[in-house]
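The structure appears right after this line, and notes come after that.
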Amino acid sequence: MLHERYDWLDQARGFVVLLLIVSMPTSEYAGDLLTGDPVLGPPMLNHGYEYFDGDPAITTFIDSGQALFLLVMGFVGYTAFTSRLRKRGKGAAFWYCARRVGVLYALASIDCVLLELATSGKPKWGDFFYNGTFAMIALGTLCAFLSIVVIPNADRRMLFSVGLIMLHSLLYAFPFFDHHTWYDNILALPKFPFGTLGMCAMAIAGSSFGQWHAMDPDNPRTGFRKRIVPVSTAAFVAAYCMDWVQPAQHHDSNAAMLLQAMYIGGFMLMIFFAFGEVGFRFPLLSSLGRNLLLMFALGGLFIGIYLDCFPKEFLLQSPYLALLLGGLAPIVILSCVAVFLDRRGIMVRA
Amino acid sequence: MRLPYLLAGLSVAAVYLVLLHVGEGRQREAEEHAKQGHVTASYAQLGKAYALYHEGHWPLLDTRNRHFAYDLGIVPKGYAIKQEMEKDHAPQAVLFGKLGRHAALSLVPLVDFRNYFYLGFAVTTEEEGLALAKALRSGAALDRDIKVAQGTGTLGSSTLYRLHDDIVETLVMDGVLARQDLTLPGRIPVIVERPRDGYAWVVFLDMHVEHLRYPGPFPLTSKFVDTLESDAL
């Protein structure tokens with residue numbers, strides 16, 4: 001076996017998948033406050049901009065979900081990449097990197113090219129190459145792995161990630177590039193891949209978190225005590241301060257949003273590690289977490305289709321109907337798939 | 001050994017915070033500027049929305065006062081929500097019912113229409129624009145194309161054509177254009193903001209918006225703007 005698999009980490013990954021699944025029906029049924037279209041589902045578990053997309057928009061912790069995903073990918077990617085580097089050599093490690101990035105771009109091609117051709121007749125090449133969800137994950141993963149090779153020291157790699165976040169905030173602060181705003185780009189400013197830059201910074205930070213976890217192989221608490229929790233706490237303070245200066249923005253993944261994801265991710269890892277220490281676990285989360293990428297892809301591709309079968313007018317007839325069909329059924333369906341795969345030892349990995 | 005690192009870190013932090021402060025200030029200015037452009041575009045959208053329900057015809061010019069403005073009563077004013085109800089101004093409209101934490105809000109006009117000129121007819125040069133102003137003053141009927149002297153009409157023809165979404169096809173059919181020119185709507189100004197500080201926002205028939213220097217090329221030549229302003233309320 002290349003490296004040990006931690007159940008508490010699968011629990012944390014499963015929690016991220018759960019948040020992703022939950023955010024889909026809440027988004028579908030977000031309604032419209034201004035026109036009186038009713039809201040279904042807990043707003044806290046949806047993107048804040050769906051309710052008020054002002055400048056700044058409302059943000060919830062769901063808005064930092066993608067950045068959180070990249071942080072976790074960086075965290076687990078560190079162990080996966082370095083274990084291959086150590087035990088099988090550079091070739092195996094770089095082939096692993098290429099395979100992982102390739103699979104993500106394959107998913108991007110389905111999402112941004114094939115599906116777009118089928119629905120709108122026009123592929124979204126920008127989203128495929130750098131701006132779409134799967135492309136950002138691919139580029140973030142690539143940056144994380146490259147940074148592990150170029151900057152082997154975790155502390156320095158974290159400083160580099162912080163430097164990227166600072167650069168992001170400065171580029172975002174000046175009116176050089178177009179921001180995602182409620183008014184069109186009337187100043188005709190050029191576009192900049194703010195989201196991609198942010199996701200790369202998060203993946204690099206995640207790889208530092210992963211290396212810190214392995215700081216003392218005999219006592220994993222050391223990494224949490226000396227680095228992960230203090231850094232997450234610092235990120236919490238920084239996110240609070242930054243939100244006053246440059247309010248968090250989901251689409252451009254600006255500094256406040258990234259720092260929010262950093263502290264949520266760090267504290268989440270700590271919580272699930274502590275659960276593991278006291279022997280507390282939710283078995284379902286492990287099943288979901290072991291096939292993180294597959295659950296992410298399946299959720300993204302099929303939950304929307306499932307929700308289209310239940311228009312809001314139907315669910316409004318009874319809150320219990322909304323809870324069962326909108327709130328619980330997507331979780332149950334994907335959980336069944338996850339448990340089915342887990343029981344057969346099937347883990348779909350890049 | 002640690003002190004130099006600390007000093008370096010503090011210096012970097014100080015420079016970063018100063019740059020951030022400067023940048024955010026510039027960003028706020030740019031956003032205010034962009035919002036003004038967006039408001040101008042929204043004003044043009046009122047005319048576009050009218051055209052959608054009137055077979056592509058844009059609104060008439062103000063037939064009562066004969067100004068470069070939307071005809072009164074044809075196009076509803078766009079509204080924005082204002083929190084306080086000003087006692088000294090009668091509200092244009094009031095929204096009842098809760099919106100967020102507010103039980104009642106007044107709606108105020110989105111724009112002061114006196115700050116904008118709506119051209120109503122397709123003019124692409126100063127000469128054509130001045131011919132339109134002359135026709136407006138001389139009492140020409142505004143609900144149809146206007147006959148003018150040869151060379152002073154739309155694209156040098158003898159007719160000033162009312163704004164229409166399919167104006168290119170009309171010009172081809174009438175022989176004014178030899179063939180389809182899809183770039184033409186991008187050269188026909190629809191809404192011209194009253195210039196201030198040497199610039200003005202202009203919306204064109206293809207709904208693209210430009211922030212142009214004044215005085216400058218048409219529609220912001222000084223002669224044409226002077227004509228618009230002399231006709232303004």
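In the structure tokens, each chain is lettered A, B, ... as it comes, each chain's residues begin at 1, and ligands are numbered from 1 in order of appearance.
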
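Using only C-alpha atoms, the protein and nucleic acid residues lying no more than 9 Å from Ser335 in chain A, apart from those fewer than 6 places from it along its own chain, are Leu284, Leu285, Ser287, Leu288 and Met295 of chain A.
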
Store the residues picked out above, limited to N, CA and C atoms, as a compact mmCIF listing (two decimals), in the first residue's frame.
```txt
# COMPACT_ATOMS: atom_id res chain seq x y z
N LEU A 284 -21.78 6.78 6.75
CA LEU A 284 -22.16 7.24 5.41
C LEU A 284 -21.13 8.22 4.86
N LEU A 285 -20.60 9.07 5.72
CA LEU A 285 -19.65 10.09 5.25
C LEU A 285 -18.40 9.44 4.65
N SER A 287 -18.24 6.55 3.12
CA SER A 287 -18.58 6.03 1.78
C SER A 287 -18.59 7.15 0.76
N LEU A 288 -19.18 8.28 1.14
CA LEU A 288 -19.22 9.43 0.23
C LEU A 288 -17.81 9.95 -0.04
N MET A 295 -18.50 11.30 -6.80
CA MET A 295 -19.73 11.86 -6.25
C MET A 295 -19.93 13.29 -6.73
```

Strand (DSSP E) positions in range 29-155 of chain B, given as an mmCIF file with C-alpha atoms, in the first residue's frame:
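Produced file out.cif, reproduced below:
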```
data_model
loop_
_atom_site.group_PDB
_atom_site.id
_atom_site.type_symbol
_atom_site.label_atom_id
_atom_site.label_comp_id
_atom_site.auth_asym_id
_atom_site.auth_seq_id
_atom_site.Cartn_x
_atom_site.Cartn_y
_atom_site.Cartn_z
ATOM 1 C CA LEU B 61 -39.839 61.719 -29.922
ATOM 2 C CA ASP B 62 -41.673 64.006 -27.508
ATOM 3 C CA HIS B 67 -37.757 67.779 -27.594
ATOM 4 C CA PHE B 68 -35.129 65.105 -27.930
ATOM 5 C CA ALA B 69 -36.788 62.900 -25.350
ATOM 6 C CA TYR B 70 -39.097 59.890 -25.210
ATOM 7 C CA TYR B 79 -37.639 53.245 -11.241
ATOM 8 C CA ALA B 80 -35.127 52.644 -8.543
ATOM 9 C CA ILE B 81 -35.938 51.965 -4.908
ATOM 10 C CA LYS B 82 -35.200 54.718 -2.446
ATOM 11 C CA ALA B 93 -44.796 55.553 -6.892
ATOM 12 C CA VAL B 94 -44.792 53.643 -3.637
ATOM 13 C CA LEU B 95 -44.108 49.990 -3.046
ATOM 14 C CA PHE B 96 -46.259 48.472 -0.324
ATOM 15 C CA GLY B 97 -45.454 45.242 1.393
ATOM 16 C CA LYS B 98 -42.243 44.072 2.969
ATOM 17 C CA LEU B 99 -39.043 44.093 1.008
ATOM 18 C CA HIS B 102 -38.621 47.720 4.983
ATOM 19 C CA ALA B 103 -42.385 47.955 5.184
ATOM 20 C CA ALA B 104 -42.720 50.669 2.558
ATOM 21 C CA LEU B 105 -40.332 52.223 0.112
ATOM 22 C CA SER B 106 -40.739 54.985 -2.383
ATOM 23 C CA LEU B 107 -39.770 54.575 -5.962
ATOM 24 C CA VAL B 108 -37.939 57.419 -7.593
ATOM 25 C CA PRO B 109 -37.227 57.835 -11.277
ATOM 26 C CA TYR B 116 -30.273 62.524 -21.594
ATOM 27 C CA PHE B 117 -31.169 63.149 -25.216
ATOM 28 C CA TYR B 118 -33.142 60.543 -27.128
ATOM 29 C CA ILE B 146 -39.182 62.603 -42.368
ATOM 30 C CA LYS B 147 -38.434 63.881 -45.849
#
```

Against chain B, which residues of chain A fall within 8 Å? For each one I want the closest pair of atoms and the distance in Å (one decimal), counting only C-alpha atoms, rows by chain and increasing residue number, as a Markdown table.
```
| residue | atom | partner | partner_atom | distance |
| --- | --- | --- | --- | --- |
| A:Leu33 | CA | B:Leu99 | CA | 7.6 |
| A:Leu34 | CA | B:Leu99 | CA | 7.0 |
| A:Met166 | CA | B:Tyr16 | CA | 7.7 |
| A:Ser169 | CA | B:Leu20 | CA | 7.5 |
| A:Leu170 | CA | B:Leu20 | CA | 5.8 |
| A:Ala173 | CA | B:Gly23 | CA | 4.6 |
| A:Phe174 | CA | B:Gly23 | CA | 4.2 |
| A:Pro175 | CA | B:Gln27 | CA | 5.0 |
| A:Tyr183 | CA | B:His38 | CA | 6.5 |
| A:Asp184 | CA | B:His38 | CA | 7.3 |
| A:Asn185 | CA | B:Ala34 | CA | 7.9 |
| A:Ile186 | CA | B:Ala34 | CA | 6.0 |
| A:Leu187 | CA | B:Ala34 | CA | 6.2 |
| A:Val245 | CA | B:Glu24 | CA | 7.8 |
| A:Gln246 | CA | B:Glu24 | CA | 7.6 |
```

I need the chosen residues saved as a tab-separated table (two decimals), in the first residue's frame, with N, CA and C atoms.
```
chain	number	residue	atom	x	y	z
A	33	LEU	N	-36.64	37.07	-4.04
A	33	LEU	CA	-37.22	37.91	-2.98
A	33	LEU	C	-38.00	39.08	-3.56
A	34	LEU	N	-37.47	39.68	-4.62
A	34	LEU	CA	-38.09	40.90	-5.16
A	34	LEU	C	-39.45	40.62	-5.79
A	166	MET	N	-2.39	37.54	-1.63
A	166	MET	CA	-2.15	38.99	-1.57
A	166	MET	C	-2.11	39.58	-2.97
A	169	SER	N	-5.57	39.88	-4.23
A	169	SER	CA	-6.32	40.99	-3.64
A	169	SER	C	-5.90	42.33	-4.25
A	170	LEU	N	-4.62	42.46	-4.59
A	170	LEU	CA	-4.17	43.72	-5.20
A	170	LEU	C	-4.69	43.85	-6.63
A	173	ALA	N	-8.18	44.76	-6.33
A	173	ALA	CA	-8.44	46.08	-5.74
A	173	ALA	C	-8.40	47.17	-6.80
A	174	PHE	N	-7.43	47.10	-7.70
A	174	PHE	CA	-7.31	48.14	-8.73
A	174	PHE	C	-8.25	47.83	-9.88
A	175	PRO	N	-8.76	48.89	-10.55
A	175	PRO	CA	-9.69	48.67	-11.67
A	175	PRO	C	-8.98	48.30	-12.97
A	183	TYR	N	-23.76	44.81	-12.72
A	183	TYR	CA	-23.83	45.60	-13.95
A	183	TYR	C	-22.81	45.05	-14.94
A	184	ASP	N	-23.15	45.16	-16.21
A	184	ASP	CA	-22.28	44.60	-17.24
A	184	ASP	C	-20.93	45.30	-17.26
A	185	ASN	N	-20.01	44.71	-17.94
A	185	ASN	CA	-18.66	45.25	-18.05
A	185	ASN	C	-18.66	46.45	-18.98
A	186	ILE	N	-19.22	47.55	-18.47
A	186	ILE	CA	-19.43	48.72	-19.31
A	186	ILE	C	-18.13	49.48	-19.58
A	187	LEU	N	-17.16	49.29	-18.73
A	187	LEU	CA	-15.86	49.93	-18.94
A	187	LEU	C	-14.98	49.11	-19.88
A	245	VAL	N	-12.59	45.34	4.08
A	245	VAL	CA	-11.87	46.13	3.07
A	245	VAL	C	-12.30	45.74	1.66
A	246	GLN	N	-12.36	44.43	1.43
A	246	GLN	CA	-12.66	43.89	0.09
A	246	GLN	C	-13.62	42.73	0.31
```

Q: Quote the spacing between CA of Glu55 in chain B and CA of Phe113 in chain B in Å to one decimal place.
A: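 Computed distance, CA of Glu55 in chain B to CA of Phe113 in chain B, equals 24.8 Å.
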
**Q.** DSSP-assigned alpha helix (DSSP H) among range 22-222 of chain B, expressed as number ranges by chain
**A.** B: 22-52, 126-137, 167-173, 222

Q.
So that I can see what lies close to Gly65 in chain A, please list as a list in words the residues with an atom at most 8 Å from it, counting only C-alpha atoms and leaving out residues fewer than 3 positions away in the same chain.
A. Val16, Leu19, Leu20, Phe61, Ile62, Leu68, Phe69 and Ala261 of chain A

Q. Any idea what's packed within 10 Å of Pro59 in chain B, counting only C-alpha atoms, ignoring anything in its chain fewer than 3 positions away? Could you give it as a ChimeraX atom specification?
A. /B:46-51,54,56,62,69-72,74-75,118-121,143,162-164

Q) Nearest to Asp174 in chain B: which of B:Ser157, B:Thr152, B:Pro189, B:Lys77 is it, counting only C-alpha atoms? A) B:Ser157

Q: Within 12 Å of Leu259 in chain A, counting only C-alpha atoms, which residues show up once you throw out same-chain ones fewer than 5 positions away? Write them as number ranges by chain, please.
A: A: 61, 64, 67-68, 71, 161-162, 164-166, 168-169, 198-199, 201-202, 205, 231-243, 246-249, 253-254, 264-266

**Q.** Selected residue, from B:Ser11, B:Thr227, B:Thr183, B:Thr40, that lies nearest to Lys134 in chain B when counting only C-alpha atoms
**A.**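 Closest to Lys134 in chain B of all the choices is B:Thr227.
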
Q: Would you work out the distance separating CA of Ile271 in chain A from CA of Phe15 in chain A, expressed in Å to one decimal?
A: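 We find that CA of Ile271 in chain A and CA of Phe15 in chain A lie 11.4 Å from each other.
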